[in-house]
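Structure file structure-v2.csv with CSV, N, CA and C atoms:
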```csv
chain,number,residue,atom,x,y,z
A,2,MET,N,-54.1,-27.3,-16.2
A,2,MET,CA,-52.9,-27.3,-15.4
A,2,MET,C,-53.2,-27.2,-13.9
A,3,SER,N,-52.5,-28.0,-13.2
A,3,SER,CA,-52.7,-28.0,-11.7
A,3,SER,C,-52.0,-26.8,-11.1
A,4,PRO,N,-52.6,-26.3,-10.0
A,4,PRO,CA,-51.9,-25.2,-9.3
A,4,PRO,C,-50.5,-25.5,-8.8
A,5,LEU,N,-50.2,-26.7,-8.5
A,5,LEU,CA,-48.8,-27.1,-8.1
A,5,LEU,C,-47.9,-26.9,-9.3
A,6,ARG,N,-48.3,-27.3,-10.5
A,6,ARG,CA,-47.5,-27.2,-11.7
A,6,ARG,C,-47.3,-25.8,-12.1
A,7,ILE,N,-48.3,-25.0,-11.9
A,7,ILE,CA,-48.2,-23.5,-12.2
A,7,ILE,C,-47.2,-22.9,-11.3
A,8,SER,N,-47.3,-23.2,-10.0
A,8,SER,CA,-46.3,-22.7,-9.0
A,8,SER,C,-44.9,-23.1,-9.3
A,9,ALA,N,-44.7,-24.4,-9.7
A,9,ALA,CA,-43.3,-24.8,-10.0
A,9,ALA,C,-42.8,-24.1,-11.3
A,10,LEU,N,-43.6,-23.9,-12.3
A,10,LEU,CA,-43.2,-23.2,-13.5
A,10,LEU,C,-42.9,-21.7,-13.2
A,11,THR,N,-43.7,-21.1,-12.3
A,11,THR,CA,-43.4,-19.7,-12.0
A,11,THR,C,-42.1,-19.6,-11.2
A,12,LEU,N,-41.9,-20.5,-10.3
A,12,LEU,CA,-40.6,-20.5,-9.5
A,12,LEU,C,-39.4,-20.8,-10.5
A,13,LEU,N,-39.5,-21.7,-11.4
A,13,LEU,CA,-38.4,-22.0,-12.3
A,13,LEU,C,-38.2,-20.8,-13.2
A,14,THR,N,-39.2,-20.2,-13.7
A,14,THR,CA,-39.1,-19.0,-14.6
A,14,THR,C,-38.4,-17.8,-13.8
A,15,THR,N,-38.8,-17.6,-12.6
A,15,THR,CA,-38.3,-16.6,-11.7
A,15,THR,C,-36.8,-16.8,-11.5
A,16,LEU,N,-36.4,-18.1,-11.2
A,16,LEU,CA,-35.0,-18.4,-10.9
A,16,LEU,C,-34.1,-18.2,-12.2
A,17,LEU,N,-34.6,-18.6,-13.3
A,17,LEU,CA,-33.9,-18.5,-14.6
A,17,LEU,C,-33.8,-17.0,-15.0
A,18,THR,N,-34.8,-16.3,-14.8
A,18,THR,CA,-34.8,-14.8,-15.1
A,18,THR,C,-33.8,-14.1,-14.2
A,19,GLY,N,-33.8,-14.5,-12.9
A,19,GLY,CA,-32.8,-13.9,-11.9
A,19,GLY,C,-31.4,-14.2,-12.2
A,20,ALA,N,-31.2,-15.5,-12.6
A,20,ALA,CA,-29.8,-15.9,-13.0
A,20,ALA,C,-29.3,-15.2,-14.2
A,21,GLY,N,-30.2,-15.1,-15.2
A,21,GLY,CA,-29.9,-14.3,-16.4
A,21,GLY,C,-29.5,-12.9,-16.1
A,22,LEU,N,-30.3,-12.2,-15.3
A,22,LEU,CA,-30.1,-10.8,-14.9
A,22,LEU,C,-28.7,-10.7,-14.2
A,23,ALA,N,-28.4,-11.7,-13.3
A,23,ALA,CA,-27.2,-11.6,-12.5
A,23,ALA,C,-26.0,-11.8,-13.5
A,24,VAL,N,-26.1,-12.7,-14.4
A,24,VAL,CA,-25.0,-12.9,-15.4
A,24,VAL,C,-24.8,-11.6,-16.2
A,25,ALA,N,-25.9,-11.0,-16.7
A,25,ALA,CA,-25.8,-9.8,-17.5
A,25,ALA,C,-25.2,-8.7,-16.7
A,26,TRP,N,-25.6,-8.6,-15.4
A,26,TRP,CA,-25.1,-7.5,-14.5
A,26,TRP,C,-23.6,-7.7,-14.3
A,27,LEU,N,-23.1,-8.9,-14.0
A,27,LEU,CA,-21.7,-9.1,-13.8
A,27,LEU,C,-20.9,-9.0,-15.1
A,28,HIS,N,-21.5,-9.2,-16.2
A,28,HIS,CA,-20.8,-9.0,-17.5
A,28,HIS,C,-20.5,-7.5,-17.7
A,29,PHE,N,-21.5,-6.7,-17.5
A,29,PHE,CA,-21.3,-5.3,-17.8
A,29,PHE,C,-20.8,-4.5,-16.6
A,30,GLN,N,-20.9,-5.0,-15.4
A,30,GLN,CA,-20.4,-4.3,-14.1
A,30,GLN,C,-19.6,-5.4,-13.4
A,31,PRO,N,-18.4,-5.6,-13.8
A,31,PRO,CA,-17.6,-6.7,-13.1
A,31,PRO,C,-17.3,-6.3,-11.6
A,32,LEU,N,-17.1,-7.2,-10.8
A,32,LEU,CA,-16.8,-7.0,-9.4
A,32,LEU,C,-15.5,-6.2,-9.3
A,33,ALA,N,-15.6,-5.1,-8.5
A,33,ALA,CA,-14.4,-4.3,-8.3
A,33,ALA,C,-13.4,-5.0,-7.4
A,34,MET,N,-12.3,-5.4,-7.9
A,34,MET,CA,-11.2,-6.0,-7.0
A,34,MET,C,-10.4,-4.9,-6.4
A,35,PRO,N,-10.1,-5.0,-5.2
A,35,PRO,CA,-9.2,-3.9,-4.6
A,35,PRO,C,-7.8,-4.0,-5.2
A,36,ARG,N,-7.3,-2.9,-5.5
A,36,ARG,CA,-5.9,-2.8,-6.1
A,36,ARG,C,-4.9,-2.7,-4.9
A,37,LEU,N,-3.9,-3.5,-5.0
A,37,LEU,CA,-2.9,-3.5,-3.9
A,37,LEU,C,-1.5,-3.3,-4.5
A,38,ALA,N,-0.7,-2.7,-3.7
A,38,ALA,CA,0.7,-2.5,-4.1
A,38,ALA,C,1.5,-2.7,-2.8
A,39,ARG,N,2.8,-3.1,-2.9
A,39,ARG,CA,3.6,-3.3,-1.7
A,39,ARG,C,4.7,-2.3,-1.6
A,40,VAL,N,5.1,-2.1,-0.3
A,40,VAL,CA,6.2,-1.2,0.0
A,40,VAL,C,7.1,-1.9,1.0
A,41,ASP,N,8.4,-2.0,0.8
A,41,ASP,CA,9.3,-2.6,1.8
A,41,ASP,C,9.7,-1.6,2.8
A,42,LEU,N,8.8,-1.4,3.8
A,42,LEU,CA,9.1,-0.4,4.9
A,42,LEU,C,10.4,-0.7,5.7
A,43,GLY,N,10.6,-2.0,5.8
A,43,GLY,CA,11.9,-2.4,6.6
A,43,GLY,C,13.1,-1.9,5.9
A,44,SER,N,13.2,-2.0,4.6
A,44,SER,CA,14.4,-1.5,4.0
A,44,SER,C,14.5,0.1,4.0
A,45,LEU,N,13.4,0.7,3.9
A,45,LEU,CA,13.4,2.2,4.0
A,45,LEU,C,13.8,2.7,5.4
A,46,VAL,N,13.3,2.0,6.4
A,46,VAL,CA,13.7,2.4,7.8
A,46,VAL,C,15.1,2.1,8.0
A,47,ALA,N,15.6,0.9,7.6
A,47,ALA,CA,16.9,0.5,7.8
A,47,ALA,C,17.9,1.5,7.1
A,48,ARG,N,17.6,1.9,5.9
A,48,ARG,CA,18.5,2.9,5.3
A,48,ARG,C,18.5,4.2,6.1
A,49,GLN,N,17.4,4.6,6.6
A,49,GLN,CA,17.4,5.9,7.4
A,49,GLN,C,18.2,5.7,8.7
A,50,GLN,N,18.0,4.5,9.3
A,50,GLN,CA,18.8,4.2,10.5
A,50,GLN,C,20.3,4.2,10.3
A,51,GLN,N,20.6,3.6,9.2
A,51,GLN,CA,22.1,3.6,8.8
A,51,GLN,C,22.6,5.0,8.6
A,52,ALA,N,21.9,5.8,7.9
A,52,ALA,CA,22.3,7.2,7.7
A,52,ALA,C,22.5,7.9,9.0
A,53,LEU,N,21.6,7.7,9.9
A,53,LEU,CA,21.7,8.4,11.2
A,53,LEU,C,22.8,7.8,12.1
A,54,VAL,N,23.0,6.5,12.0
A,54,VAL,CA,24.1,5.9,12.8
A,54,VAL,C,25.5,6.4,12.3
A,55,GLN,N,25.6,6.6,11.0
A,55,GLN,CA,26.9,7.1,10.5
A,55,GLN,C,27.2,8.5,11.0
A,56,ARG,N,26.2,9.2,11.4
A,56,ARG,CA,26.4,10.6,11.9
A,56,ARG,C,26.6,10.7,13.4
A,57,ILE,N,26.4,9.6,14.1
A,57,ILE,CA,26.7,9.6,15.5
A,57,ILE,C,28.2,9.5,15.8
A,58,GLN,N,28.6,10.4,16.6
A,58,GLN,CA,30.0,10.4,16.9
A,58,GLN,C,30.2,10.5,18.4
A,59,PRO,N,31.3,10.0,18.9
A,59,PRO,CA,31.6,10.1,20.4
A,59,PRO,C,31.7,11.6,20.7
A,60,GLY,N,31.3,12.0,21.9
A,60,GLY,CA,31.4,13.4,22.3
A,60,GLY,C,30.5,14.3,21.7
A,61,MET,N,29.3,13.9,21.1
A,61,MET,CA,28.4,14.8,20.5
A,61,MET,C,27.7,15.6,21.6
A,62,THR,N,27.4,16.8,21.3
A,62,THR,CA,26.7,17.7,22.3
A,62,THR,C,25.3,17.3,22.4
A,63,VAL,N,24.6,17.8,23.4
A,63,VAL,CA,23.2,17.5,23.6
A,63,VAL,C,22.4,18.0,22.4
A,64,ASP,N,22.8,19.2,22.0
A,64,ASP,CA,22.1,19.8,20.8
A,64,ASP,C,22.2,19.0,19.6
A,65,GLU,N,23.4,18.5,19.3
A,65,GLU,CA,23.5,17.6,18.1
A,65,GLU,C,22.7,16.3,18.2
A,66,GLN,N,22.7,15.7,19.4
A,66,GLN,CA,21.9,14.5,19.7
A,66,GLN,C,20.4,14.8,19.5
A,67,ALA,N,20.0,16.0,20.0
A,67,ALA,CA,18.6,16.4,19.8
A,67,ALA,C,18.2,16.6,18.4
A,68,ARG,N,19.1,17.2,17.6
A,68,ARG,CA,18.9,17.4,16.2
A,68,ARG,C,18.7,16.1,15.4
A,69,LEU,N,19.6,15.1,15.8
A,69,LEU,CA,19.4,13.7,15.2
A,69,LEU,C,18.1,13.1,15.5
A,70,PHE,N,17.7,13.3,16.8
A,70,PHE,CA,16.4,12.7,17.2
A,70,PHE,C,15.3,13.4,16.5
A,71,GLU,N,15.3,14.7,16.3
A,71,GLU,CA,14.3,15.4,15.5
A,71,GLU,C,14.3,15.0,14.1
A,72,GLU,N,15.4,14.7,13.5
A,72,GLU,CA,15.5,14.3,12.1
A,72,GLU,C,14.8,12.9,12.0
A,73,ALA,N,15.0,12.0,13.0
A,73,ALA,CA,14.4,10.7,13.0
A,73,ALA,C,12.9,10.8,13.1
A,74,LYS,N,12.4,11.7,13.9
A,74,LYS,CA,11.0,12.0,14.0
A,74,LYS,C,10.4,12.5,12.7
A,75,ALA,N,11.2,13.5,12.1
A,75,ALA,CA,10.7,14.1,10.9
A,75,ALA,C,10.6,13.0,9.8
A,76,PHE,N,11.5,12.1,9.8
A,76,PHE,CA,11.5,11.0,8.8
A,76,PHE,C,10.2,10.2,8.9
A,77,GLY,N,9.8,9.9,10.1
A,77,GLY,CA,8.5,9.2,10.3
A,77,GLY,C,7.3,10.0,9.7
A,78,VAL,N,7.3,11.3,9.9
A,78,VAL,CA,6.2,12.1,9.3
A,78,VAL,C,6.3,12.1,7.8
A,79,GLN,N,7.6,12.3,7.3
A,79,GLN,CA,7.8,12.3,5.8
A,79,GLN,C,7.4,11.0,5.2
A,80,LEU,N,7.7,9.9,5.9
A,80,LEU,CA,7.3,8.5,5.4
A,80,LEU,C,5.8,8.4,5.3
A,81,ASP,N,5.1,8.8,6.3
A,81,ASP,CA,3.7,8.7,6.3
A,81,ASP,C,3.1,9.5,5.2
A,82,ALA,N,3.6,10.8,5.0
A,82,ALA,CA,3.1,11.6,3.9
A,82,ALA,C,3.4,11.0,2.5
A,83,ALA,N,4.6,10.4,2.4
A,83,ALA,CA,5.0,9.8,1.1
A,83,ALA,C,4.1,8.6,0.8
A,84,LEU,N,3.7,7.8,1.9
A,84,LEU,CA,2.8,6.6,1.7
A,84,LEU,C,1.5,7.1,1.2
A,85,ASP,N,1.0,8.2,1.9
A,85,ASP,CA,-0.3,8.8,1.4
A,85,ASP,C,-0.3,9.2,0.0
A,86,GLN,N,0.8,9.9,-0.4
A,86,GLN,CA,1.0,10.4,-1.8
A,86,GLN,C,1.0,9.3,-2.8
A,87,VAL,N,1.8,8.2,-2.5
A,87,VAL,CA,1.9,7.1,-3.4
A,87,VAL,C,0.5,6.4,-3.5
A,88,ALA,N,-0.2,6.2,-2.4
A,88,ALA,CA,-1.5,5.6,-2.4
A,88,ALA,C,-2.4,6.3,-3.3
A,89,GLN,N,-2.4,7.7,-3.3
A,89,GLN,CA,-3.2,8.5,-4.1
A,89,GLN,C,-2.8,8.4,-5.6
A,90,GLU,N,-1.5,8.3,-5.8
A,90,GLU,CA,-1.0,8.2,-7.2
A,90,GLU,C,-1.5,6.9,-7.9
A,91,CYS,N,-1.4,5.8,-7.1
A,91,CYS,CA,-1.7,4.6,-7.8
A,91,CYS,C,-3.2,4.2,-7.5
A,92,ARG,N,-3.9,4.9,-6.7
A,92,ARG,CA,-5.2,4.6,-6.4
A,92,ARG,C,-5.4,3.2,-5.9
A,93,CYS,N,-4.5,2.9,-4.9
A,93,CYS,CA,-4.5,1.5,-4.4
A,93,CYS,C,-4.2,1.5,-2.9
A,94,ALA,N,-4.4,0.4,-2.3
A,94,ALA,CA,-4.0,0.2,-0.9
A,94,ALA,C,-2.6,-0.3,-0.9
A,95,LEU,N,-1.8,0.2,0.0
A,95,LEU,CA,-0.4,-0.2,0.2
A,95,LEU,C,-0.3,-1.1,1.4
A,96,ILE,N,0.5,-2.2,1.1
A,96,ILE,CA,0.7,-3.1,2.2
A,96,ILE,C,2.2,-3.3,2.4
A,97,ASN,N,2.7,-3.6,3.6
A,97,ASN,CA,4.1,-3.8,3.8
A,97,ASN,C,4.5,-5.1,3.2
A,98,SER,N,5.6,-5.1,2.5
A,98,SER,CA,6.1,-6.3,1.9
A,98,SER,C,6.2,-7.5,2.9
A,99,ALA,N,6.5,-7.2,4.1
A,99,ALA,CA,6.7,-8.3,5.1
A,99,ALA,C,5.3,-8.9,5.4
A,100,ALA,N,4.2,-8.3,5.1
A,100,ALA,CA,2.9,-8.8,5.3
A,100,ALA,C,2.4,-9.7,4.2
A,101,LEU,N,3.1,-9.6,3.0
A,101,LEU,CA,2.7,-10.3,1.8
A,101,LEU,C,3.2,-11.7,1.9
A,102,LEU,N,2.3,-12.7,2.0
A,102,LEU,CA,2.7,-14.1,2.2
A,102,LEU,C,3.0,-14.7,0.9
A,103,LYS,N,2.2,-14.5,-0.1
A,103,LYS,CA,2.4,-15.1,-1.4
A,103,LYS,C,1.7,-14.3,-2.5
A,104,ALA,N,2.3,-14.3,-3.7
A,104,ALA,CA,1.6,-13.6,-4.8
A,104,ALA,C,1.8,-14.5,-6.0
A,105,SER,N,0.9,-14.5,-6.9
A,105,SER,CA,0.9,-15.5,-8.0
A,105,SER,C,2.1,-15.1,-9.0
A,106,SER,N,2.5,-13.8,-9.0
A,106,SER,CA,3.6,-13.4,-9.8
A,106,SER,C,4.1,-12.1,-9.3
A,107,ALA,N,5.2,-11.6,-9.8
A,107,ALA,CA,5.8,-10.4,-9.3
A,107,ALA,C,4.9,-9.2,-9.7
A,108,VAL,N,4.2,-9.3,-10.8
A,108,VAL,CA,3.4,-8.2,-11.2
A,108,VAL,C,2.0,-8.2,-10.6
A,109,ALA,N,1.7,-9.3,-9.8
A,109,ALA,CA,0.4,-9.4,-9.2
A,109,ALA,C,0.2,-8.3,-8.2
A,110,VAL,N,1.2,-8.0,-7.4
A,110,VAL,CA,1.2,-6.9,-6.4
A,110,VAL,C,2.5,-6.1,-6.7
A,111,PRO,N,2.4,-5.0,-7.4
A,111,PRO,CA,3.6,-4.3,-7.8
A,111,PRO,C,4.3,-3.7,-6.6
A,112,ASP,N,5.6,-3.6,-6.7
A,112,ASP,CA,6.5,-3.0,-5.6
A,112,ASP,C,6.7,-1.6,-5.9
A,113,LEU,N,6.2,-0.7,-5.0
A,113,LEU,CA,6.4,0.7,-5.1
A,113,LEU,C,7.4,1.3,-4.1
A,114,THR,N,8.3,0.5,-3.6
A,114,THR,CA,9.3,1.0,-2.6
A,114,THR,C,10.1,2.0,-3.2
A,115,ALA,N,10.5,1.9,-4.5
A,115,ALA,CA,11.4,2.9,-5.1
A,115,ALA,C,10.7,4.2,-5.2
A,116,ARG,N,9.4,4.2,-5.5
A,116,ARG,CA,8.7,5.5,-5.6
A,116,ARG,C,8.6,6.2,-4.2
A,117,VAL,N,8.4,5.4,-3.2
A,117,VAL,CA,8.3,6.0,-1.8
A,117,VAL,C,9.7,6.5,-1.5
A,118,ALA,N,10.8,5.8,-1.8
A,118,ALA,CA,12.1,6.2,-1.5
A,118,ALA,C,12.5,7.5,-2.3
A,119,GLU,N,11.9,7.7,-3.5
A,119,GLU,CA,12.2,9.0,-4.2
A,119,GLU,C,11.6,10.1,-3.5
A,120,ILE,N,10.5,9.9,-2.8
A,120,ILE,CA,9.8,11.0,-2.1
A,120,ILE,C,10.5,11.3,-0.8
A,121,VAL,N,10.8,10.2,-0.1
A,121,VAL,CA,11.5,10.4,1.2
A,121,VAL,C,12.9,10.0,1.1
A,122,ARG,N,13.8,10.9,1.0
A,122,ARG,CA,15.2,10.7,0.9
A,122,ARG,C,15.8,10.5,2.3
A,123,PRO,N,16.7,9.5,2.5
A,123,PRO,CA,17.3,9.3,3.8
A,123,PRO,C,18.2,10.6,4.0
A,124,VAL,N,18.4,10.9,5.3
A,124,VAL,CA,19.3,12.0,5.6
A,124,VAL,C,20.7,11.7,5.1
A,125,ALA,N,21.2,12.6,4.3
A,125,ALA,CA,22.6,12.4,3.8
A,125,ALA,C,23.6,12.6,4.9
A,126,SER,N,24.7,11.9,4.8
A,126,SER,CA,25.7,12.1,5.8
A,126,SER,C,26.5,13.3,5.5
A,127,PRO,N,26.7,14.2,6.5
A,127,PRO,CA,27.4,15.4,6.2
A,127,PRO,C,28.9,15.1,6.0
A,128,ALA,N,29.6,16.0,5.4
A,128,ALA,CA,31.0,15.9,5.1
A,128,ALA,C,31.8,15.7,6.4
A,129,ALA,N,32.8,14.9,6.4
A,129,ALA,CA,33.6,14.7,7.6
A,129,ALA,C,34.3,16.0,7.9
A,130,LYS,N,34.4,16.2,9.2
A,130,LYS,CA,35.0,17.4,9.7
A,130,LYS,C,36.5,17.2,9.9
```

Rewritten as structure tokens:
Amino acid sequence: MSPLRISALTLLTTLLTGAGLAVAWLHFQPLAMPRLARVDLGSLVARQQQALVQRIQPGMTVDEQARLFEEAKAFGVQLDAALDQVAQECRCALINSAALLKASSAVAVPDLTARVAEIVRPVASPAAK
């Protein structure tokens, strides 16, 4: 056998063995696909804004206005904590629904907006005085 033929057979054997090992590896250790879920942040923020707008009244004192402002800031902190909690629960990355361009089906990227809304309740309107 010529040295060129031996080199060609060695190369071919090495490539086939490598391909076989790669196929076996991918069969037993599939590629980890990142898990995603979506949250409609726009609707959550709109609900909170609506709840705060309903509480605004003409002639409010500075203290009442400051309280509303503090509640709005607290909502932002609560929303961030709720997103962290939901991401930990589902062990997935959360994306804003507005950023989702296309999904193959509704179950491809599950919507967890309801779960986030359960954790972060909009400020309830107080009883009319």

message = Please report the interatomic distance between atom CA of A:Ala118 and atom CA of A:Ile96 in Å with one decimal.
response = 15.2 Å

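Between atom CA of A:Gly77 and atom CA of A:Pro111 the interatomic distance comes to 23.1 Å.
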
ask   = DSSP says strand (DSSP E or B) for which residues of stretch 11-124 of chain A? Put them as a ChimeraX atom specification?
value = /A:37-40,94-97,112

ask   = Do you know which residues are at most 7 Å from stretch 79-90 of chain A counting only N, CA and C atoms, after dropping those on the same chain fewer than 2 positions away, and could you put them as a ChimeraX atom specification?
value = /A:74-77,92-95,116-117,120-121

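The smallest atom-to-atom distance between A:Arg122 and any of A:Thr62, A:Cys91, A:Ala99, A:Gln49, using all atoms listed in the file, is found for A:Gln49.
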
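The coordinates place atom N of A:Leu69 at 9.9 Å from atom N of A:Arg56.
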